[in-house]
>>> print(open('query-v4.txt').read())   # compact mmCIF, C-alpha atoms
# COMPACT_ATOMS: atom_id res chain seq x y z
CA MET L 7 3.51 -2.70 10.09
CA HIS L 8 3.85 -6.45 10.53
CA GLN L 9 1.21 -6.93 7.81
CA LEU L 10 3.91 -5.82 5.36
CA PHE L 11 6.64 -8.24 6.34
CA THR L 12 7.15 -11.33 8.48
CA PRO L 13 9.95 -10.75 10.98
CA HIS L 14 12.59 -13.45 11.42
CA ALA L 15 13.48 -14.74 14.87
CA GLY L 16 15.16 -11.93 16.79
CA GLU L 17 14.42 -9.38 14.11
CA ASN L 18 13.15 -5.97 15.23
CA LEU L 19 11.71 -3.10 13.23
CA GLU L 20 14.07 -0.13 13.43
CA PHE L 21 12.20 2.40 11.28
CA SER L 22 10.08 2.75 8.18
CA LEU L 23 10.28 5.43 5.50
CA ARG L 24 7.75 6.99 3.20
CA ARG L 25 8.16 9.87 0.80
CA HIS L 26 7.91 13.26 2.49
CA PRO L 27 4.25 14.44 2.76
CA ILE L 28 5.15 17.65 0.89
CA VAL L 29 5.53 15.50 -2.24
CA PHE L 30 1.79 14.82 -2.11
CA LEU L 31 1.06 18.54 -2.56
CA GLY L 32 1.58 18.02 -6.32
CA PRO L 33 -1.44 15.68 -6.76
CA ILE L 34 -3.50 17.93 -4.40
CA PHE L 35 -2.70 20.96 -6.56
CA ILE L 36 -3.57 19.08 -9.78
CA PHE L 37 -6.84 17.90 -8.22
CA LEU L 38 -7.85 21.43 -7.17
CA LEU L 39 -6.93 22.78 -10.60
CA LEU L 40 -8.97 20.10 -12.40
CA ALA L 41 -11.89 20.68 -10.02
CA ALA L 42 -11.84 24.43 -10.77
CA ILE L 43 -11.70 24.06 -14.60
CA PRO L 44 -15.49 23.51 -15.15
CA TYR L 45 -16.33 26.61 -13.11
CA ALA L 46 -13.83 28.68 -15.08
CA ALA L 47 -15.10 27.21 -18.37
CA LYS L 48 -18.71 27.96 -17.40
CA ALA L 49 -17.83 31.54 -16.56
CA ILE L 50 -15.90 32.05 -19.79
CA ILE L 51 -17.76 30.01 -22.44
CA PHE L 52 -21.40 29.96 -21.32
CA ALA L 53 -21.65 33.50 -19.98
CA ASP L 54 -22.58 34.86 -23.42
CA ALA L 55 -24.41 31.81 -24.77
CA PRO L 56 -27.31 30.84 -22.49
CA LEU L 57 -29.31 29.46 -25.48
CA VAL L 58 -26.95 26.49 -25.83
CA LEU L 59 -28.40 24.85 -22.73
CA THR L 60 -32.06 25.27 -23.60
CA HIS L 61 -32.14 21.87 -25.29
CA PRO L 62 -33.04 19.20 -22.68
CA PHE L 63 -30.53 16.70 -24.05
CA LEU L 64 -27.67 19.17 -23.74
CA ASP L 65 -28.71 20.12 -20.24
CA ILE L 66 -28.99 16.51 -19.02
CA GLY L 67 -25.90 15.45 -20.95
CA LEU L 68 -23.84 18.24 -19.48
CA LYS L 69 -24.94 17.39 -15.94
CA LEU L 70 -24.08 13.71 -16.44
CA PHE L 71 -20.77 14.67 -18.03
CA MET L 72 -19.93 16.88 -15.05
CA SER L 73 -20.75 14.00 -12.71
CA ILE L 74 -18.43 11.69 -14.69
CA TYR L 75 -15.72 14.34 -14.73
CA TYR L 76 -15.79 14.91 -10.97
CA LEU L 77 -15.96 11.20 -10.16
CA ALA L 78 -13.00 10.62 -12.51
CA ILE L 79 -10.78 13.25 -10.91
CA TRP L 80 -11.88 12.09 -7.47
CA ILE L 81 -10.76 8.50 -8.16
CA PHE L 82 -7.57 9.77 -9.83
CA PHE L 83 -6.77 11.66 -6.63
CA PHE L 84 -7.51 8.64 -4.45
CA SER L 85 -5.33 6.43 -6.68
CA GLN L 86 -2.49 8.92 -6.25
CA PHE L 87 -2.87 8.69 -2.49
CA THR L 88 -2.88 4.87 -2.61
CA ASP L 89 0.29 4.95 -4.73
CA TYR L 90 1.95 7.39 -2.32
CA TYR L 91 0.88 5.63 0.86
CA LEU L 92 1.76 2.09 -0.19
CA ASP L 93 5.33 2.94 -1.24
CA ILE L 94 7.32 2.14 1.87
CA ASN L 95 10.85 1.20 2.90
CA ILE L 96 11.27 -0.84 6.06
CA VAL L 97 14.57 -1.11 7.91
CA THR L 98 14.99 -3.80 10.56
CA ASN L 99 18.09 -4.84 12.49
CA ASP L 100 18.68 -7.55 9.88
CA ARG L 101 17.52 -6.31 6.45
CA ILE L 102 16.06 -3.56 4.31
CA ILE L 103 12.72 -4.14 2.59
CA ASP L 104 11.78 -1.90 -0.33
CA ILE L 105 8.08 -2.04 -1.24
CA ASN L 106 6.98 -0.20 -4.37
CA GLN L 107 3.39 0.24 -5.45
CA LYS L 108 3.30 0.62 -9.23
CA GLY L 109 -0.14 1.92 -10.09
CA LEU L 110 -3.16 0.04 -8.82
CA PHE L 111 -2.28 -3.44 -9.96
CA GLY L 112 1.50 -3.57 -9.68
CA ARG L 113 3.64 -4.08 -6.62
CA SER L 114 7.28 -5.02 -6.18
CA VAL L 115 9.03 -6.07 -2.99
CA ALA L 116 12.83 -6.31 -2.70
CA GLU L 117 14.95 -7.31 0.30
CA LEU L 118 18.55 -6.70 1.15
CA ASP L 119 20.49 -8.20 4.03
CA LEU L 120 22.27 -5.49 6.00
CA THR L 121 25.54 -7.43 5.88
CA ARG L 122 25.59 -6.90 2.10
CA VAL L 123 25.39 -3.13 2.32
CA GLN L 124 28.60 -1.74 0.83
CA ASP L 125 27.99 2.00 0.87
CA VAL L 126 25.18 4.44 1.51
CA HIS L 127 24.79 7.85 -0.16
CA SER L 128 22.38 10.58 0.85
CA THR L 129 21.53 13.59 -1.30
CA ILE L 130 19.48 16.72 -0.74
CA LYS L 131 19.15 18.77 -3.90
CA GLY L 132 17.14 21.94 -4.50
CA ILE L 133 15.71 24.81 -2.47
CA ILE L 134 12.52 23.20 -1.18
CA PRO L 135 14.19 19.86 -0.28
CA THR L 136 16.92 21.80 1.59
CA LEU L 137 14.38 23.89 3.46
CA LEU L 138 12.20 20.90 4.35
CA ASN L 139 15.11 18.50 4.82
CA TYR L 140 14.16 15.69 2.45
CA GLY L 141 16.11 13.90 -0.26
CA THR L 142 17.37 10.63 -1.65
CA VAL L 143 19.20 7.78 0.07
CA GLU L 144 20.99 5.27 -2.13
CA VAL L 145 22.10 1.97 -0.64
CA GLN L 146 24.85 0.36 -2.70
CA THR L 147 25.27 -3.38 -2.75
CA ALA L 148 27.50 -5.78 -4.69
CA ALA L 149 28.17 -4.59 -8.25
CA THR L 150 25.93 -7.19 -9.87
CA GLU L 151 22.87 -6.20 -7.84
CA GLU L 152 20.58 -3.25 -8.25
CA ASN L 153 20.99 -0.47 -5.71
CA PHE L 154 18.21 0.39 -3.30
CA VAL L 155 17.00 3.96 -3.70
CA PHE L 156 14.73 5.65 -1.16
CA GLU L 157 13.38 8.75 -2.85
CA GLN L 158 12.21 11.98 -1.19
CA VAL L 159 12.54 10.67 2.37
CA HIS L 160 12.75 12.90 5.42
CA ASP L 161 16.20 13.61 6.87
CA PRO L 162 18.25 11.47 4.43
CA HIS L 163 21.60 12.11 6.14
CA LYS L 164 20.33 10.74 9.41
CA VAL L 165 18.83 7.74 7.59
CA ARG L 166 22.20 7.05 5.90
CA GLN L 167 23.99 7.22 9.23
CA ARG L 168 21.50 4.89 10.89
CA ILE L 169 21.67 2.33 8.06
CA LEU L 170 25.48 2.30 8.27
CA GLU L 171 25.31 1.80 12.04
CA LEU L 172 22.79 -1.04 11.67
CA ALA L 173 24.89 -2.68 8.92
CA ALA L 174 27.99 -2.56 11.16
CA LEU L 175 26.03 -4.04 14.07
CA ASP L 176 24.61 -6.79 11.84
CA ARG L 177 28.09 -7.71 10.56
CA LYS L 178 29.38 -7.92 14.14
CA ARG L 179 26.43 -10.07 15.16
CA GLU L 180 26.96 -12.41 12.23
CA ALA L 181 30.71 -12.67 12.93
CA ARG L 182 29.98 -13.47 16.60
CA GLU L 183 27.53 -16.20 15.55
CA ILE L 184 30.15 -17.75 13.28
CA MET L 185 32.75 -17.60 16.06
CA GLU L 186 30.35 -19.22 18.52
CA ASN L 187 29.21 -21.95 16.09
CA PRO L 188 32.03 -22.50 13.61
CA PRO L 189 31.38 -24.95 10.75
CA LYS L 190 32.96 -28.33 11.57
CA ALA L 191 36.25 -28.87 9.72
CA THR L 192 35.62 -32.60 9.23
CA ASP L 193 32.26 -31.90 7.60
CA ALA L 194 33.80 -29.37 5.23
CA ALA L 195 36.61 -31.76 4.31
CA ALA L 196 34.14 -34.58 3.68
CA ALA L 197 32.01 -32.35 1.48
CA GLY L 198 35.09 -31.32 -0.53
CA HIS L 199 36.19 -34.95 -0.90
CA ASN L 200 32.73 -36.01 -2.16
CA GLU L 201 32.71 -33.14 -4.63
CA MET L 202 36.08 -34.20 -6.04
CA LYS L 203 34.86 -37.78 -6.29
CA ASP L 204 31.76 -36.62 -8.23
CA GLN L 205 34.01 -34.81 -10.67
CA GLY L 206 36.15 -37.92 -11.10
CA LEU L 207 39.20 -36.39 -9.42
CA GLY L 208 39.25 -38.41 -6.21
CA MET V 6 -38.67 14.42 -36.47
CA LEU V 7 -36.42 11.94 -34.66
CA SER V 8 -36.95 11.89 -30.90
CA LEU V 9 -35.46 9.86 -28.09
CA PRO V 10 -36.09 9.55 -24.35
CA PRO V 11 -33.30 11.02 -22.18
CA ILE V 12 -32.80 7.60 -20.56
CA VAL V 13 -30.43 6.72 -23.43
CA LEU V 14 -27.96 9.18 -21.89
CA LEU V 15 -27.82 6.96 -18.81
CA ILE V 16 -26.24 4.10 -20.79
CA PRO V 17 -22.74 5.66 -21.10
CA TYR V 18 -23.13 6.96 -17.54
CA ALA V 19 -23.90 3.46 -16.25
CA LEU V 20 -20.87 2.07 -18.13
CA PHE V 21 -18.66 4.70 -16.53
CA MET V 22 -20.13 3.92 -13.11
CA LEU V 23 -19.25 0.23 -13.57
CA GLY V 24 -15.63 1.21 -14.16
CA PHE V 25 -15.72 3.65 -11.27
CA VAL V 26 -17.04 1.03 -8.84
CA PHE V 27 -14.41 -1.46 -10.03
CA PHE V 28 -11.52 0.99 -9.54
CA SER V 29 -12.92 2.15 -6.20
CA PHE V 30 -12.97 -1.43 -4.92
CA ALA V 31 -9.47 -2.02 -6.29
CA ASN V 32 -8.21 1.07 -4.44
CA VAL V 33 -9.89 0.30 -1.13
CA ILE V 34 -8.84 -3.36 -1.26
CA SER V 35 -5.23 -2.40 -2.13
CA LEU V 36 -5.14 -0.07 0.85
CA SER V 37 -6.51 -2.61 3.30
CA LYS V 38 -4.57 -5.58 1.90
CA TYR V 39 -1.16 -3.95 1.75
CA GLY V 40 -0.83 -2.52 5.18
CA ALA V 41 -3.07 0.49 5.54
CA ARG V 42 -5.43 -1.11 8.04
CA ASN V 43 -4.85 1.82 10.35
CA ALA V 44 -6.53 5.13 11.14
CA ILE V 45 -5.09 6.89 8.07
CA GLY V 46 -6.08 4.13 5.66
CA LEU V 47 -9.57 3.79 7.09
CA MET V 48 -10.15 7.54 7.22
CA THR V 49 -8.95 8.02 3.64
CA SER V 50 -11.17 5.22 2.36
CA PHE V 51 -14.11 6.69 4.30
CA LEU V 52 -13.47 10.19 2.92
CA PHE V 53 -13.20 8.81 -0.61
CA LEU V 54 -16.50 6.95 -0.33
CA CYS V 55 -18.17 10.02 1.22
CA GLY V 56 -16.89 12.25 -1.60
CA ALA V 57 -18.12 9.81 -4.25
CA ALA V 58 -21.51 9.59 -2.51
CA VAL V 59 -21.79 13.40 -2.42
CA ILE V 60 -21.04 13.68 -6.16
CA VAL V 61 -23.58 10.97 -7.03
CA PHE V 62 -26.19 12.53 -4.71
CA MET V 63 -25.72 15.99 -6.24
CA THR V 64 -26.07 14.50 -9.72
CA TRP V 65 -29.24 12.71 -8.70
CA GLN V 66 -30.64 15.87 -7.12
CA SER V 67 -29.87 18.05 -10.15
CA LEU V 68 -31.60 15.53 -12.44
CA ALA V 69 -34.53 14.73 -10.14
CA ALA V 70 -37.05 16.67 -12.25
CA VAL V 71 -36.14 14.94 -15.51
CA ASP V 72 -38.78 12.73 -17.11
CA TRP V 73 -36.44 10.02 -18.36
CA LEU V 74 -39.04 8.27 -20.54
CA ALA V 75 -40.58 11.28 -22.30
CA ALA V 76 -39.57 11.45 -25.96
CA VAL V 77 -37.54 14.56 -26.70
CA PRO V 78 -36.94 15.71 -30.29
CA LEU V 79 -33.25 15.61 -31.10
CA VAL V 80 -33.31 18.90 -33.00
CA ALA V 81 -35.06 21.73 -31.23
CA ILE V 82 -35.18 25.35 -32.33
CA PRO V 83 -33.77 27.46 -29.52
CA THR V 84 -36.11 30.13 -28.27
CA PRO V 85 -34.55 33.35 -27.08
CA SER V 86 -35.41 34.34 -23.54
CA PHE V 87 -35.50 38.06 -22.91
>>> encode(input="query-v4.txt", output="structure tokens")
Amino acid sequence: MHQLFTPHAGENLEFSLRRHPIVFLGPIFIFLLLAAIPYAAKAIIFADAPLVLTHPFLDIGLKLFMSIYYLAIWIFFFSQFTDYYLDINIVTNDRIIDINQKGLFGRSVAELDLTRVQDVHSTIKGIIPTLLNYGTVEVQTAATEENFVFEQVHDPHKVRQRILELAALDRKREAREIMENPPKATDAAAAGHNEMKDQGLG
Amino acid sequence: MLSLPPIVLLIPYALFMLGFVFFSFANVISLSKYGARNAIGLMTSFLFLCGAAVIVFMTWQSLAAVDWLAAVPLVAIPTPSF
């Protein structure tokens, strides 16, 4: 997991989230359907027309075409797996990292400090998601920033609860650090004085 | 009558294979580079390569008897087989 992010000092991985495995049944179904099409087509179209394949070019061409077809759907299926597997959300005790694989050659990584979490929503919608307990978690931040959305993750209510707990703990930790090492008043005053001087006010 | 050797059919096939090899490498490298250097990532890559090898082997086996350099007339009159 540490290949995906470099932890800061004192930062621990709490959990990581991927889309629910049931979501991958869609690409599996499409793959099986596409793999079955040539057999169905052969049974339907060529059953009554065996003469079509007597020409050597057609026979060889069809075999090469079938090879291309199966290799193409095979790589399509593998690409779908790569896309599914490389989409990951990582939650540590300090931040949330959202990694999105966009096709084969696109990848976006976004980070959010837990102290900036304002609200967290979790939604389970539909029969299958309710039965299998997966749904969406939306982490709301300051109004100007884009929200973090974890789609089709397992047990979204528990994830929401855990993120809120971690955010509260992170705020407490940060407040304690500020209390223990407060910024020096003289330094702040000097900085303010210099700023006023720069603006021609001092 | 115009005739061609069947080897000309291998040209589009070879072009497709170039693309296939490129995308296969891109997939496997993406998986290993971005954090799937684990049992699942390795097993999936291995299964993918095995599947591709099986498809290529079956193609080769089904076309093993073809004389790729023999000139074949492009238009042939089909003969009914009873």
>>> interface_residues(input="query-v4.txt", of="chain L", to="chain V", cutoff="10 Å", atoms="all atoms listed in the file", output="CSV table (one decimal) with C-alpha atoms, in the coordinates of the input")
chain,number,residue,atom,x,y,z
L,7,MET,CA,3.5,-2.7,10.1
L,8,HIS,CA,3.8,-6.4,10.5
L,9,GLN,CA,1.2,-6.9,7.8
L,10,LEU,CA,3.9,-5.8,5.4
L,11,PHE,CA,6.6,-8.2,6.3
L,56,PRO,CA,-27.3,30.8,-22.5
L,57,LEU,CA,-29.3,29.5,-25.5
L,58,VAL,CA,-27.0,26.5,-25.8
L,59,LEU,CA,-28.4,24.8,-22.7
L,60,THR,CA,-32.1,25.3,-23.6
L,61,HIS,CA,-32.1,21.9,-25.3
L,62,PRO,CA,-33.0,19.2,-22.7
L,63,PHE,CA,-30.5,16.7,-24.0
L,64,LEU,CA,-27.7,19.2,-23.7
L,65,ASP,CA,-28.7,20.1,-20.2
L,66,ILE,CA,-29.0,16.5,-19.0
L,67,GLY,CA,-25.9,15.4,-21.0
L,69,LYS,CA,-24.9,17.4,-15.9
L,70,LEU,CA,-24.1,13.7,-16.4
L,71,PHE,CA,-20.8,14.7,-18.0
L,72,MET,CA,-19.9,16.9,-15.0
L,73,SER,CA,-20.8,14.0,-12.7
L,74,ILE,CA,-18.4,11.7,-14.7
L,76,TYR,CA,-15.8,14.9,-11.0
L,77,LEU,CA,-16.0,11.2,-10.2
L,78,ALA,CA,-13.0,10.6,-12.5
L,80,TRP,CA,-11.9,12.1,-7.5
L,81,ILE,CA,-10.8,8.5,-8.2
L,82,PHE,CA,-7.6,9.8,-9.8
L,83,PHE,CA,-6.8,11.7,-6.6
L,84,PHE,CA,-7.5,8.6,-4.4
L,85,SER,CA,-5.3,6.4,-6.7
L,86,GLN,CA,-2.5,8.9,-6.2
L,87,PHE,CA,-2.9,8.7,-2.5
L,88,THR,CA,-2.9,4.9,-2.6
L,89,ASP,CA,0.3,5.0,-4.7
L,91,TYR,CA,0.9,5.6,0.9
L,92,LEU,CA,1.8,2.1,-0.2
L,93,ASP,CA,5.3,2.9,-1.2
L,94,ILE,CA,7.3,2.1,1.9
L,105,ILE,CA,8.1,-2.0,-1.2
L,107,GLN,CA,3.4,0.2,-5.4
L,109,GLY,CA,-0.1,1.9,-10.1
L,110,LEU,CA,-3.2,0.0,-8.8
L,111,PHE,CA,-2.3,-3.4,-10.0
L,113,ARG,CA,3.6,-4.1,-6.6
>>> atom_distance(input="query-v4.txt", atom1="CA of Ala148 (chain L)", atom2="CA of His127 (chain L)")
14.6 Å
>>> atom_distance(input="query-v4.txt", atom1="CA of Gln146 (chain L)", atom2="CA of Arg122 (chain L)")
8.7 Å
>>> atom_distance(input="query-v4.txt", atom1="CA of Ala76 (chain V)", atom2="CA of Ile51 (chain L)")
28.9 Å
>>> residues_around(input="query-v4.txt", residues="region 179-181 of chain L", least_positions_apart="4", cutoff="12 Å", atoms="all atoms listed in the file", output="list in words")
Gly16, Asn99, Asp100, Asp119, Leu120, Thr121, Arg122, Leu172, Ala173, Ala174, Leu175, Met185, Glu186, Asn187 and Pro188 of chain L
